[in-house]
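Asker: File follows, protein-v6.pdb with PDB, C-alpha atoms and all ligand atoms:
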```
ATOM      1  CA  MET H   1       0.000   0.000   0.000
ATOM      2  CA  ASN H   2       0.984   3.640  -0.410
ATOM      3  CA  VAL H   3       0.596   5.174   3.037
ATOM      4  CA  LEU H   4       0.713   8.846   4.007
ATOM      5  CA  LEU H   5       2.078   8.893   7.562
ATOM      6  CA  THR H   6       1.899  12.153   9.485
ATOM      7  CA  GLY H   7       4.121  12.580  12.539
ATOM      8  CA  ALA H   8       6.481  10.124  10.866
ATOM      9  CA  ASN H   9       9.561  11.206  12.834
ATOM     10  CA  GLY H  10       7.878  11.077  16.263
ATOM     11  CA  PHE H  11       8.312   8.304  18.821
ATOM     12  CA  LEU H  12       5.300   6.410  17.549
ATOM     13  CA  GLY H  13       5.520   7.565  13.940
ATOM     14  CA  ARG H  14       9.072   6.379  13.336
ATOM     15  CA  ASN H  15       8.224   2.940  14.724
ATOM     16  CA  ILE H  16       5.101   2.772  12.539
ATOM     17  CA  ALA H  17       7.210   3.811   9.535
ATOM     18  CA  ALA H  18       9.699   1.025  10.244
ATOM     19  CA  ALA H  19       6.928  -1.571  10.539
ATOM     20  CA  LEU H  20       5.259  -0.358   7.331
ATOM     21  CA  ALA H  21       8.547  -0.513   5.427
ATOM     22  CA  ALA H  22       9.302  -3.978   6.826
ATOM     23  CA  ALA H  23       5.873  -5.140   5.603
ATOM     24  CA  GLY H  24       6.646  -3.858   2.090
ATOM     25  CA  HIS H  25       4.473  -0.725   2.133
ATOM     26  CA  GLN H  26       5.537   2.573   0.575
ATOM     27  CA  VAL H  27       5.601   5.307   3.235
ATOM     28  CA  THR H  28       5.246   9.008   2.459
ATOM     29  CA  PRO H  29       6.312  10.789   5.656
ATOM     30  CA  LEU H  30       4.917  14.154   6.675
ATOM     31  CA  SER H  31       5.690  16.545   9.544
ATOM     32  CA  ARG H  32       7.423  19.927   9.934
ATOM     33  CA  ASN H  33      10.689  18.054   9.601
ATOM     34  CA  PHE H  34       9.535  16.866   6.179
ATOM     35  CA  GLY H  35       8.412  20.380   5.206
ATOM     36  CA  THR H  36       4.736  20.472   6.220
ATOM     37  CA  ASP H  37       3.366  22.323   9.243
ATOM     38  CA  PHE H  38      -0.134  21.247  10.343
ATOM     39  CA  SER H  39      -0.834  24.841  11.427
ATOM     40  CA  ARG H  40      -0.967  25.741   7.741
ATOM     41  CA  MET H  41      -2.979  22.698   6.569
ATOM     42  CA  LEU H  42      -6.436  23.738   7.678
ATOM     43  CA  ALA H  43      -8.498  23.175   4.495
ATOM     44  CA  PRO H  44      -9.131  19.964   2.514
ATOM     45  CA  THR H  45      -7.650  21.654  -0.570
ATOM     46  CA  HIS H  46      -4.312  21.893   1.239
ATOM     47  CA  TRP H  47      -4.308  18.122   1.631
ATOM     48  CA  LEU H  48      -5.555  16.904  -1.747
ATOM     49  CA  PRO H  49      -2.128  17.068  -3.490
ATOM     50  CA  HIS H  50      -0.644  14.951  -0.677
ATOM     51  CA  LEU H  51      -3.285  12.264  -1.199
ATOM     52  CA  GLU H  52      -2.603  11.525  -4.853
ATOM     53  CA  GLY H  53      -1.845   7.811  -5.228
ATOM     54  CA  MET H  54      -2.405   7.081  -1.530
ATOM     55  CA  ASP H  55      -4.238   3.965  -0.319
ATOM     56  CA  ALA H  56      -4.269   4.861   3.364
ATOM     57  CA  VAL H  57      -3.544   7.674   5.796
ATOM     58  CA  ILE H  58      -2.236   7.397   9.352
ATOM     59  CA  ASN H  59      -2.323  10.551  11.484
ATOM     60  CA  SER H  60       0.230  10.419  14.289
ATOM     61  CA  VAL H  61       0.805  14.146  14.881
ATOM     62  CA  GLY H  62       0.270  15.374  18.411
ATOM     63  CA  ILE H  63       1.540  17.668  21.132
ATOM     64  CA  ILE H  64       1.236  17.186  24.875
ATOM     65  CA  GLY H  65       1.235  20.898  25.677
ATOM     66  CA  GLU H  66       0.874  24.205  23.854
ATOM     67  CA  SER H  67       3.914  26.404  23.246
ATOM     68  CA  GLY H  68       4.562  29.215  20.770
ATOM     69  CA  SER H  69       2.709  28.503  17.527
ATOM     70  CA  GLN H  70       2.040  24.900  18.551
ATOM     71  CA  ARG H  71      -1.648  25.011  19.538
ATOM     72  CA  PHE H  72      -4.086  22.162  20.200
ATOM     73  CA  GLU H  73      -6.943  23.379  17.998
ATOM     74  CA  PRO H  74      -5.080  23.581  14.669
ATOM     75  CA  LEU H  75      -2.833  20.557  15.295
ATOM     76  CA  HIS H  76      -5.298  18.153  16.918
ATOM     77  CA  THR H  77      -8.609  19.259  15.422
ATOM     78  CA  LEU H  78      -8.586  21.566  12.402
ATOM     79  CA  ALA H  79      -5.738  20.075  10.345
ATOM     80  CA  PRO H  80      -6.790  16.438  10.960
ATOM     81  CA  ALA H  81     -10.425  17.310  10.199
ATOM     82  CA  ALA H  82      -9.345  18.903   6.914
ATOM     83  CA  LEU H  83      -7.192  15.843   6.164
ATOM     84  CA  PHE H  84     -10.058  13.429   6.862
ATOM     85  CA  ARG H  85     -12.474  15.443   4.717
ATOM     86  CA  ALA H  86      -9.893  15.456   1.923
ATOM     87  CA  CYS H  87      -9.600  11.658   2.246
ATOM     88  CA  ALA H  88     -13.380  11.375   1.781
ATOM     89  CA  GLN H  89     -13.184  13.638  -1.295
ATOM     90  CA  ALA H  90     -10.195  11.818  -2.799
ATOM     91  CA  GLY H  91     -11.510   8.317  -2.087
ATOM     92  CA  VAL H  92      -8.697   7.372   0.289
ATOM     93  CA  ARG H  93     -10.889   5.125   2.378
ATOM     94  CA  ARG H  94      -8.575   3.705   5.037
ATOM     95  CA  VAL H  95      -7.818   6.340   7.672
ATOM     96  CA  LEU H  96      -6.198   5.675  11.045
ATOM     97  CA  GLN H  97      -6.289   8.386  13.679
ATOM     98  CA  ILE H  98      -3.952   8.180  16.690
ATOM     99  CA  SER H  99      -5.993   9.682  19.491
ATOM    100  CA  ALA H 100      -5.420   9.125  23.210
ATOM    101  CA  LEU H 101      -6.970   7.184  26.080
ATOM    102  CA  GLY H 102      -9.446   9.532  27.768
ATOM    103  CA  ALA H 103     -10.480  11.363  24.589
ATOM    104  CA  ASP H 104     -14.050  10.269  25.251
ATOM    105  CA  GLU H 105     -17.200  11.608  26.922
ATOM    106  CA  THR H 106     -15.239  12.126  30.175
ATOM    107  CA  ALA H 107     -12.667  14.429  28.535
ATOM    108  CA  PHE H 108     -12.042  17.791  30.244
ATOM    109  CA  SER H 109      -8.559  18.826  29.088
ATOM    110  CA  ALA H 110      -7.824  20.826  25.943
ATOM    111  CA  TYR H 111      -5.528  17.933  24.906
ATOM    112  CA  HIS H 112      -8.306  15.335  25.042
ATOM    113  CA  LEU H 113     -11.118  17.601  23.834
ATOM    114  CA  SER H 114      -9.145  18.710  20.785
ATOM    115  CA  LYS H 115      -8.392  15.089  19.895
ATOM    116  CA  ARG H 116     -11.962  13.975  20.488
ATOM    117  CA  ALA H 117     -13.262  16.659  18.121
ATOM    118  CA  ALA H 118     -11.144  15.200  15.282
ATOM    119  CA  ASP H 119     -12.101  11.641  16.285
ATOM    120  CA  ASP H 120     -15.800  12.567  16.148
ATOM    121  CA  LEU H 121     -15.417  14.149  12.735
ATOM    122  CA  LEU H 122     -13.637  11.063  11.392
ATOM    123  CA  ARG H 123     -16.304   8.783  12.849
ATOM    124  CA  SER H 124     -18.975  10.794  11.005
ATOM    125  CA  LEU H 125     -17.401  10.224   7.578
ATOM    126  CA  ASN H 126     -18.127   7.382   5.195
ATOM    127  CA  LEU H 127     -14.612   5.952   5.423
ATOM    128  CA  ASP H 128     -12.930   2.787   6.699
ATOM    129  CA  TRP H 129     -11.729   4.553   9.809
ATOM    130  CA  PHE H 130     -10.038   3.511  13.009
ATOM    131  CA  VAL H 131      -9.728   5.736  16.065
ATOM    132  CA  LEU H 132      -6.882   4.324  18.168
ATOM    133  CA  ARG H 133      -6.550   5.579  21.737
ATOM    134  CA  PRO H 134      -3.257   4.549  23.367
ATOM    135  CA  SER H 135      -2.578   4.928  27.069
ATOM    136  CA  LEU H 136       0.924   5.947  28.178
ATOM    137  CA  ILE H 137       3.283   4.380  25.627
ATOM    138  CA  TYR H 138       6.638   3.168  26.869
ATOM    139  CA  GLY H 139       9.727   1.924  25.087
ATOM    140  CA  ARG H 140      13.021   3.293  23.807
ATOM    141  CA  GLY H 141      12.915   6.960  22.887
ATOM    142  CA  GLY H 142       9.507   8.068  24.218
ATOM    143  CA  LYS H 143       9.391  11.647  25.514
ATOM    144  CA  SER H 144       7.011  11.167  28.459
ATOM    145  CA  ALA H 145       8.666   7.853  29.335
ATOM    146  CA  GLY H 146      11.993   9.731  29.257
ATOM    147  CA  LEU H 147      10.710  12.363  31.686
ATOM    148  CA  PHE H 148       9.421   9.675  34.051
ATOM    149  CA  MET H 149      12.808   7.899  33.830
ATOM    150  CA  ARG H 150      14.555  11.075  34.974
ATOM    151  CA  LEU H 151      12.063  11.588  37.818
ATOM    152  CA  ALA H 152      12.512   7.979  38.896
ATOM    153  CA  ALA H 153      16.295   8.359  39.096
ATOM    154  CA  LEU H 154      16.096  11.138  41.725
ATOM    155  CA  PRO H 155      17.180  10.209  45.277
ATOM    156  CA  LEU H 156      13.619  10.952  46.462
ATOM    157  CA  ILE H 157      10.867   9.996  44.021
ATOM    158  CA  PRO H 158       8.369  12.852  43.708
ATOM    159  CA  VAL H 159       4.745  11.738  43.424
ATOM    160  CA  ILE H 160       1.607  13.829  43.326
ATOM    161  CA  SER H 161      -0.665  13.497  46.368
ATOM    162  CA  ASP H 162      -0.532   9.845  47.431
ATOM    163  CA  GLY H 163       0.948   8.635  44.104
ATOM    164  CA  GLN H 164      -1.958   6.209  43.656
ATOM    165  CA  GLN H 165      -3.057   7.536  40.249
ATOM    166  CA  ALA H 166      -3.876   4.717  37.812
ATOM    167  CA  LEU H 167      -1.773   4.089  34.698
ATOM    168  CA  GLN H 168      -2.119   1.254  32.226
ATOM    169  CA  PRO H 169       1.084   1.578  30.187
ATOM    170  CA  VAL H 170       1.347  -0.110  26.819
ATOM    171  CA  HIS H 171       4.536  -1.043  24.991
ATOM    172  CA  ILE H 172       5.320   0.740  21.718
ATOM    173  CA  SER H 173       5.408  -2.591  19.841
ATOM    174  CA  ASP H 174       1.776  -3.309  20.809
ATOM    175  CA  VAL H 175       0.673   0.110  19.567
ATOM    176  CA  VAL H 176       2.487  -0.484  16.279
ATOM    177  CA  ALA H 177       0.973  -3.980  16.009
ATOM    178  CA  THR H 178      -2.505  -2.470  16.454
ATOM    179  CA  VAL H 179      -1.801   0.092  13.736
ATOM    180  CA  MET H 180      -0.625  -2.620  11.343
ATOM    181  CA  HIS H 181      -3.675  -4.749  12.124
ATOM    182  CA  SER H 182      -5.995  -1.765  11.588
ATOM    183  CA  LEU H 183      -4.479  -1.157   8.191
ATOM    184  CA  ALA H 184      -5.473  -4.619   6.987
ATOM    185  CA  SER H 185      -8.564  -5.455   9.015
ATOM    186  CA  PRO H 186     -11.828  -5.961   7.098
ATOM    187  CA  GLU H 187     -13.664  -4.844  10.241
ATOM    188  CA  ALA H 188     -13.144  -1.098  10.041
ATOM    189  CA  ARG H 189     -15.090   1.687  11.781
ATOM    190  CA  GLN H 190     -13.730   0.867  15.229
ATOM    191  CA  THR H 191     -12.617   2.917  18.206
ATOM    192  CA  LEU H 192     -10.047   0.950  20.188
ATOM    193  CA  ASP H 193      -8.387   1.709  23.513
ATOM    194  CA  ILE H 194      -4.771   0.515  23.319
ATOM    195  CA  VAL H 195      -3.815  -0.380  26.868
ATOM    196  CA  GLY H 196      -1.497  -2.822  28.582
ATOM    197  CA  THR H 197      -2.578  -5.785  30.678
ATOM    198  CA  GLU H 198      -1.586  -4.241  34.022
ATOM    199  CA  THR H 199      -2.880  -1.225  35.903
ATOM    200  CA  VAL H 200      -0.158   0.273  38.087
ATOM    201  CA  THR H 201      -0.070   3.322  40.296
ATOM    202  CA  PHE H 202       2.097   6.287  39.365
ATOM    203  CA  ALA H 203       4.319   5.540  42.402
ATOM    204  CA  GLU H 204       4.721   1.896  41.352
ATOM    205  CA  TRP H 205       5.504   2.937  37.783
ATOM    206  CA  LEU H 206       8.316   5.225  38.929
ATOM    207  CA  GLN H 207       9.734   2.456  41.144
ATOM    208  CA  TRP H 208       9.659   0.151  38.088
ATOM    209  CA  MET H 209      11.543   2.767  36.116
ATOM    210  CA  ARG H 210      14.057   3.072  38.907
ATOM    211  CA  GLN H 211      14.574  -0.660  38.994
ATOM    212  CA  VAL H 212      15.162  -0.927  35.239
ATOM    213  CA  GLN H 213      17.874   1.733  35.578
ATOM    214  CA  GLY H 214      19.630  -0.547  38.083
ATOM    215  CA  LEU H 215      18.769   1.659  41.061
ATOM    216  CA  PRO H 216      17.526   0.378  44.430
ATOM    217  CA  PRO H 217      14.025   1.376  45.616
ATOM    218  CA  ALA H 218      13.926   4.956  46.901
ATOM    219  CA  PRO H 219      11.656   6.735  49.334
ATOM    220  CA  VAL H 220       8.741   8.620  47.903
ATOM    221  CA  ILE H 221       8.142  12.308  48.555
ATOM    222  CA  ARG H 222       4.483  13.284  48.342
ATOM    223  CA  ILE H 223       3.811  16.628  46.720
ATOM    224  CA  PRO H 224       0.367  17.987  47.595
ATOM    225  CA  PHE H 225      -1.697  18.526  44.467
ATOM    226  CA  PRO H 226      -2.004  22.344  44.851
ATOM    227  CA  LEU H 227       1.791  22.642  45.251
ATOM    228  CA  ALA H 228       2.371  20.387  42.206
ATOM    229  CA  MET H 229       0.033  22.630  40.195
ATOM    230  CA  ALA H 230       1.948  25.729  41.303
ATOM    231  CA  LEU H 231       5.267  24.073  40.331
ATOM    232  CA  ALA H 232       3.789  23.081  36.952
ATOM    233  CA  ARG H 233       2.802  26.691  36.244
ATOM    234  CA  VAL H 234       6.521  27.531  36.435
ATOM    235  CA  GLY H 235       7.746  24.263  34.863
ATOM    236  CA  ARG H 236       5.616  24.653  31.729
ATOM    237  CA  HIS H 237       7.937  27.462  30.635
ATOM    238  CA  PHE H 238      10.745  24.880  30.456
ATOM    239  CA  THR H 239       8.835  21.925  28.980
ATOM    240  CA  PRO H 240       5.288  21.860  27.534
ATOM    241  CA  MET H 241       4.868  18.459  29.199
ATOM    242  CA  LEU H 242       4.653  20.141  32.603
ATOM    243  CA  GLN H 243       1.348  21.892  31.890
ATOM    244  CA  PRO H 244      -0.937  22.087  34.941
ATOM    245  CA  GLU H 245      -3.620  20.395  32.843
ATOM    246  CA  ASN H 246      -1.331  17.410  32.311
ATOM    247  CA  LEU H 247      -1.099  17.027  36.081
ATOM    248  CA  ARG H 248      -4.892  17.082  36.244
ATOM    249  CA  MET H 249      -4.985  14.296  33.649
ATOM    250  CA  LEU H 250      -2.392  12.324  35.612
ATOM    251  CA  GLN H 251      -4.374  12.891  38.797
ATOM    252  CA  THR H 252      -7.552  11.621  37.067
ATOM    253  CA  GLY H 253      -5.886   8.382  35.994
ATOM    254  CA  TYR H 254      -7.022   6.434  32.954
ATOM    255  CA  ARG H 255      -7.670   2.769  32.445
ATOM    256  CA  ALA H 256      -9.702   0.661  30.045
ATOM    257  CA  ASP H 257     -10.818  -2.884  29.394
ATOM    258  CA  VAL H 258      -7.989  -4.706  27.602
ATOM    259  CA  ARG H 259     -10.264  -7.411  26.180
ATOM    260  CA  PRO H 260     -11.433  -5.620  22.999
ATOM    261  CA  LEU H 261      -7.783  -4.972  22.065
ATOM    262  CA  ALA H 262      -6.825  -8.579  22.857
ATOM    263  CA  GLN H 263      -9.694  -9.792  20.690
ATOM    264  CA  PHE H 264      -8.654  -7.492  17.852
ATOM    265  CA  LEU H 265      -4.999  -8.577  17.982
ATOM    266  CA  GLY H 266      -5.791 -12.235  18.706
ATOM    267  CA  ARG H 267      -3.491 -12.063  21.742
ATOM    268  CA  LEU H 268      -2.961 -10.105  24.913
ATOM    269  CA  PRO H 269      -0.641  -7.098  24.814
ATOM    270  CA  LEU H 270       2.779  -7.612  26.386
ATOM    271  CA  ALA H 271       3.130  -7.739  30.159
ATOM    272  CA  VAL H 272       5.483  -5.099  31.565
ATOM    273  CA  ALA H 273       9.043  -6.457  31.665
ATOM    274  CA  PRO H 274      12.352  -4.680  32.368
ATOM    275  CA  HIS H 275      13.894  -5.197  28.925
ATOM    276  CA  LEU H 276      10.872  -3.616  27.222
ATOM    277  CA  PHE H 277      11.706  -0.183  28.651
ATOM    278  CA  PHE H 278      14.718  -0.062  26.355
ATOM    279  CA  SER H 279      13.239  -1.730  23.304
ATOM    280  CA  ASP H 280      11.077  -0.699  20.383
ATOM    281  CA  ILE H 281      10.606  -2.232  16.979
ATOM    282  CA  LEU H 282      13.362  -0.275  15.238
ATOM    283  CA  PRO H 283      16.693  -1.865  14.341
ATOM    284  CA  SER H 284      19.184  -1.220  17.145
ATOM    285  CA  GLY H 285      20.704   2.271  17.012
ATOM    286  CA  SER H 286      18.153   3.864  14.693
ATOM    287  CA  ALA H 287      15.948   5.502  17.371
ATOM    288  CA  SER H 288      16.755   9.106  18.203
TER
HETATM  289  N1  LIG Z   1       3.620   8.842  23.585
HETATM  290  C1  LIG Z   1       2.543   8.536  24.311
HETATM  291  O1  LIG Z   1       2.613   8.041  25.464
HETATM  292  C2  LIG Z   1       1.168   8.753  23.713
HETATM  293  C3  LIG Z   1       0.044   8.296  24.435
HETATM  294  C4  LIG Z   1      -1.233   8.492  23.890
HETATM  295  C5  LIG Z   1      -1.386   9.109  22.660
HETATM  296  N2  LIG Z   1      -0.269   9.536  21.998
HETATM  297  C6  LIG Z   1      -0.465  10.210  20.712
HETATM  298  O2  LIG Z   1       0.296   9.534  19.725
HETATM  299  C7  LIG Z   1       0.710  10.481  18.730
HETATM  300  C8  LIG Z   1       2.212  10.377  18.545
HETATM  301  O3  LIG Z   1       2.836  10.640  19.796
HETATM  302  P1  LIG Z   1       4.418  10.578  19.951
HETATM  303  O4  LIG Z   1       4.691  10.082  21.330
HETATM  304  O5  LIG Z   1       5.009   9.874  18.781
HETATM  305  O6  LIG Z   1       4.763  12.127  19.905
HETATM  306  P2  LIG Z   1       6.132  12.822  19.429
HETATM  307  O7  LIG Z   1       7.288  11.912  19.559
HETATM  308  O8  LIG Z   1       6.175  14.131  20.140
HETATM  309  O9  LIG Z   1       5.877  13.080  17.868
HETATM  310  C9  LIG Z   1       4.995  14.080  17.441
HETATM  311  C10 LIG Z   1       5.014  14.154  15.936
HETATM  312  O10 LIG Z   1       4.158  15.234  15.547
HETATM  313  C11 LIG Z   1       4.882  16.056  14.609
HETATM  314  N3  LIG Z   1       4.421  17.436  14.731
HETATM  315  C12 LIG Z   1       4.410  18.216  15.838
HETATM  316  N4  LIG Z   1       3.970  19.440  15.545
HETATM  317  C13 LIG Z   1       3.685  19.433  14.220
HETATM  318  C14 LIG Z   1       3.200  20.410  13.326
HETATM  319  N5  LIG Z   1       2.934  21.665  13.713
HETATM  320  N6  LIG Z   1       3.024  20.070  12.021
HETATM  321  C15 LIG Z   1       3.317  18.819  11.587
HETATM  322  N7  LIG Z   1       3.780  17.846  12.398
HETATM  323  C16 LIG Z   1       3.964  18.157  13.696
HETATM  324  C17 LIG Z   1       6.342  15.906  15.006
HETATM  325  O11 LIG Z   1       7.234  16.166  13.943
HETATM  326  P3  LIG Z   1       7.925  17.607  13.678
HETATM  327  O12 LIG Z   1       8.448  18.083  14.995
HETATM  328  O13 LIG Z   1       8.962  17.332  12.624
HETATM  329  O14 LIG Z   1       6.834  18.485  13.167
HETATM  330  C18 LIG Z   1       6.396  14.424  15.352
HETATM  331  O15 LIG Z   1       6.560  13.674  14.180
HETATM  332  C19 LIG Z   1       0.244  11.848  19.207
HETATM  333  O16 LIG Z   1      -0.970  12.164  18.603
HETATM  334  C20 LIG Z   1       0.027  11.639  20.705
HETATM  335  O17 LIG Z   1      -0.940  12.518  21.233
HETATM  336  C21 LIG Z   1       0.996   9.374  22.483
END
```
Hey, can you dump this file as structure tokens for me?
Answerer:
Amino acid sequence: MNVLLTGANGFLGRNIAAALAAAGHQVTPLSRNFGTDFSRMLAPTHWLPHLEGMDAVINSVGIIGESGSQRFEPLHTLAPAALFRACAQAGVRRVLQISALGADETAFSAYHLSKRAADDLLRSLNLDWFVLRPSLIYGRGGKSAGLFMRLAALPLIPVISDGQQALQPVHISDVVATVMHSLASPEARQTLDIVGTETVTFAEWLQWMRQVQGLPPAPVIRIPFPLAMALARVGRHFTPMLQPENLRMLQTGYRADVRPLAQFLGRLPLAVAPHLFFSDILPSGSAS
């Protein structure tokens, strides 16, 4: 297949690109790095030239926090909506949208709401669509996993409130496997939560990350939620990941039933194991 892959140089996108290439598909990558900024792709006409000769589109562009010209509405909603409408016009029927766990009727954050708006638009179109909603993705080279690794390596592990927030991390290879399956599946028009088999607390997850770095367990320091929010208001100027709203999402915790994914894949996703923190699907040395 000829596949237009947006976000192709991201953590997820570059692993999807590798899997597509390994399966013999032709990948056309797209992102700012490849010369196209979503902020300027807000009408279907902007997308039509990119869709010539395409059999499928995978949208894997996303930001975790706003900064400068990087805003949720154009990147998560308007540009994808224009892309999906262009797919309907051009007859590119197979469209995969990478959304996020929590982009559902419970969504409250600009991150989730902006993704859900694009998901809803895609679901309304007469296309062979998939809306894929991963939980926290871990594996070699992930940005949020990298931040958690650094937090976990501190002599005192900082957790928010009691650190009991629920996470259901999923390995990058399972997300890529779901994408590949969605590309070929005759049963399109599905919204799938991509979650791991285990629910862990934030505190447990950081201890795991400490252990895989060869460090002994460390005491936990509890940061009251209001103080964490105040720190995030300062921290967001250094990294968009530290937006106060991201702390609210972490505090909410997200989990989902793994059975629909297991049924779709014909197997359970991988159980968390130490070696998986440093692995992806790319050939060794090719991840950035
Ligand atoms: N990682 C996770 O734990 C996780 C969990 C749930 C959902 N997701 C979703 O999965 C998708 C991929 O995440 P990721 O972890 O791979 O993120 P990532 O590593 O930050 O990659 C983001 C991608 O988006 C592209 N991008 C950013 N701004 C752009 C713009 N203005 N125009 C065009 N492209 C732009 C980036 O390329 P350039 O910088 O070259 O533009 C990059 O290819 C996102 O939608 C994310 O919300 C991720």
Asker: Please, what distance in Å, to one decimal, runs between CA of Phe34 (chain H) and atom O13 of ligand LIG 1 (chain Z)?
Answerer: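 These atoms are spaced 6.5 Å apart.
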Asker: Compile the contact shell of region 205-213 of chain H as a list in words: residues with an atom at most 6 Å away, counting all atoms listed in the file, same-chain residues fewer than 5 positions apart removed.
Answerer: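 After dropping sequence-adjacent residues, the list is Met149, Ala152, Ala153 and Pro274 of chain H.
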Asker: Write out as JSON lines the residues of chain H that have any atom within 7 Å of an atom of ligand LIG 1 (chain Z), one row each with the nearest atom pair and its distance in Å to one decimal, counting all atoms listed in the file, sorted by chain and then rising number.
Answerer:
```
{"residue": "H:Thr6", "atom": "CA", "partner": "Z:LIG1", "partner_atom": "N7", "distance": 6.7}
{"residue": "H:Gly7", "atom": "CA", "partner": "Z:LIG1", "partner_atom": "O15", "distance": 3.1}
{"residue": "H:Ala8", "atom": "CA", "partner": "Z:LIG1", "partner_atom": "O15", "distance": 4.9}
{"residue": "H:Asn9", "atom": "CA", "partner": "Z:LIG1", "partner_atom": "O15", "distance": 4.1}
{"residue": "H:Gly10", "atom": "CA", "partner": "Z:LIG1", "partner_atom": "O9", "distance": 3.3}
{"residue": "H:Phe11", "atom": "CA", "partner": "Z:LIG1", "partner_atom": "O5", "distance": 3.7}
{"residue": "H:Leu12", "atom": "CA", "partner": "Z:LIG1", "partner_atom": "O5", "distance": 3.7}
{"residue": "H:Gly13", "atom": "CA", "partner": "Z:LIG1", "partner_atom": "O5", "distance": 5.4}
{"residue": "H:Leu30", "atom": "CA", "partner": "Z:LIG1", "partner_atom": "N7", "distance": 6.9}
{"residue": "H:Ser31", "atom": "CA", "partner": "Z:LIG1", "partner_atom": "N7", "distance": 3.7}
{"residue": "H:Arg32", "atom": "CA", "partner": "Z:LIG1", "partner_atom": "O14", "distance": 3.6}
{"residue": "H:Asn33", "atom": "CA", "partner": "Z:LIG1", "partner_atom": "O13", "distance": 3.6}
{"residue": "H:Phe34", "atom": "CA", "partner": "Z:LIG1", "partner_atom": "O13", "distance": 6.5}
{"residue": "H:Thr36", "atom": "CA", "partner": "Z:LIG1", "partner_atom": "C15", "distance": 5.8}
{"residue": "H:Asp37", "atom": "CA", "partner": "Z:LIG1", "partner_atom": "N6", "distance": 3.6}
{"residue": "H:Phe38", "atom": "CA", "partner": "Z:LIG1", "partner_atom": "N6", "distance": 3.8}
{"residue": "H:Ser39", "atom": "CA", "partner": "Z:LIG1", "partner_atom": "N5", "distance": 5.4}
{"residue": "H:Ser60", "atom": "CA", "partner": "Z:LIG1", "partner_atom": "C7", "distance": 4.5}
{"residue": "H:Val61", "atom": "CA", "partner": "Z:LIG1", "partner_atom": "O10", "distance": 3.6}
{"residue": "H:Gly62", "atom": "CA", "partner": "Z:LIG1", "partner_atom": "O16", "distance": 3.4}
{"residue": "H:Ile63", "atom": "CA", "partner": "Z:LIG1", "partner_atom": "O17", "distance": 5.7}
{"residue": "H:Ile64", "atom": "CA", "partner": "Z:LIG1", "partner_atom": "O17", "distance": 6.3}
{"residue": "H:Gln70", "atom": "CA", "partner": "Z:LIG1", "partner_atom": "N5", "distance": 5.9}
{"residue": "H:Leu75", "atom": "CA", "partner": "Z:LIG1", "partner_atom": "N5", "distance": 6.1}
{"residue": "H:Ile98", "atom": "CA", "partner": "Z:LIG1", "partner_atom": "O16", "distance": 5.3}
{"residue": "H:Ser99", "atom": "CA", "partner": "Z:LIG1", "partner_atom": "C5", "distance": 5.6}
{"residue": "H:Ala100", "atom": "CA", "partner": "Z:LIG1", "partner_atom": "C5", "distance": 4.1}
{"residue": "H:Leu101", "atom": "CA", "partner": "Z:LIG1", "partner_atom": "C4", "distance": 6.3}
{"residue": "H:Arg133", "atom": "CA", "partner": "Z:LIG1", "partner_atom": "C5", "distance": 6.3}
{"residue": "H:Pro134", "atom": "CA", "partner": "Z:LIG1", "partner_atom": "C4", "distance": 4.5}
{"residue": "H:Ser135", "atom": "CA", "partner": "Z:LIG1", "partner_atom": "C4", "distance": 5.0}
{"residue": "H:Leu136", "atom": "CA", "partner": "Z:LIG1", "partner_atom": "O1", "distance": 3.8}
{"residue": "H:Ile137", "atom": "CA", "partner": "Z:LIG1", "partner_atom": "O1", "distance": 3.7}
{"residue": "H:Tyr138", "atom": "CA", "partner": "Z:LIG1", "partner_atom": "O1", "distance": 6.5}
{"residue": "H:Gly142", "atom": "CA", "partner": "Z:LIG1", "partner_atom": "O4", "distance": 6.0}
{"residue": "H:Lys143", "atom": "CA", "partner": "Z:LIG1", "partner_atom": "O7", "distance": 6.3}
{"residue": "H:Ser144", "atom": "CA", "partner": "Z:LIG1", "partner_atom": "O1", "distance": 6.2}
```
Asker: Do you have the CA of Phe108 (chain H)-CA of Ala203 (chain H) distance handy?
Answerer: 23.8 Å
Asker: Run the PyMOL selection byres (((chain H and resi 176) around 8) and not hetatm) on the file and write out the hits as a PyMOL selection string.
Answerer: chain H and resi 12+15-16+19+172-175+177-180
Asker: Between CA of Val170 (chain H) and CA of Arg140 (chain H), what is the distance, to one decimal in Å?
Answerer: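 Between CA of Val170 (chain H) and CA of Arg140 (chain H) the gap is 12.5 Å.
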Asker: Pick out the closest residue to Ala232 (chain H) from this set: H:Leu121, H:Ile157, H:Ala271, H:Gly65. Count all atoms listed in the file.
Answerer: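 Using all atoms listed in the file, Ala232 (chain H) sits closest to H:Gly65.
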Asker: Name the closest residue to Arg222 (chain H) among the candidates H:Phe130, H:Tyr254, H:Phe238, H:Phe202; distances are taken between atoms, counting all atoms listed in the file.
Answerer: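 When distances to Arg222 (chain H) are compared using all atoms listed in the file, the smallest one comes from H:Phe202.
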Asker: Determine the nearest neighbour of Gln243 (chain H) from the options H:Val195, H:Met54, H:Leu5, H:Ala110, counting all atoms listed in the file.
Answerer: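 For Gln243 (chain H), the nearest of the candidates is H:Ala110.
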Asker: Go through the shown structure with the PyMOL selection byres (((chain H and resi 267) around 12) and not hetatm) and write out the matching residues as number ranges by chain.
Answerer: H: 174, 177-178, 196-197, 258-266, 268-271
Asker: H:Thr201, H:Ser279, H:Thr28, H:Ser124: which is nearest His171 (chain H), counting only C-alpha atoms?
Answerer: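 Closest to His171 (chain H) of all the choices is H:Ser279.
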Asker: Specify as a list in words each residue included when the PyMOL selection byres (((chain H and resi 236) around 12) and not hetatm) is applied to this file.
Answerer: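 With the shown file as input, the PyMOL selection byres (((chain H and resi 236) around 12) and not hetatm) matches Ile64, Gly65, Glu66, Ser67, Gly68, Ala228, Met229, Ala230, Leu231, Ala232, Arg233, Val234, Gly235, His237, Phe238, Thr239, Pro240, Met241, Leu242, Gln243, Pro244, Glu245, Asn246 and Leu247 of chain H.
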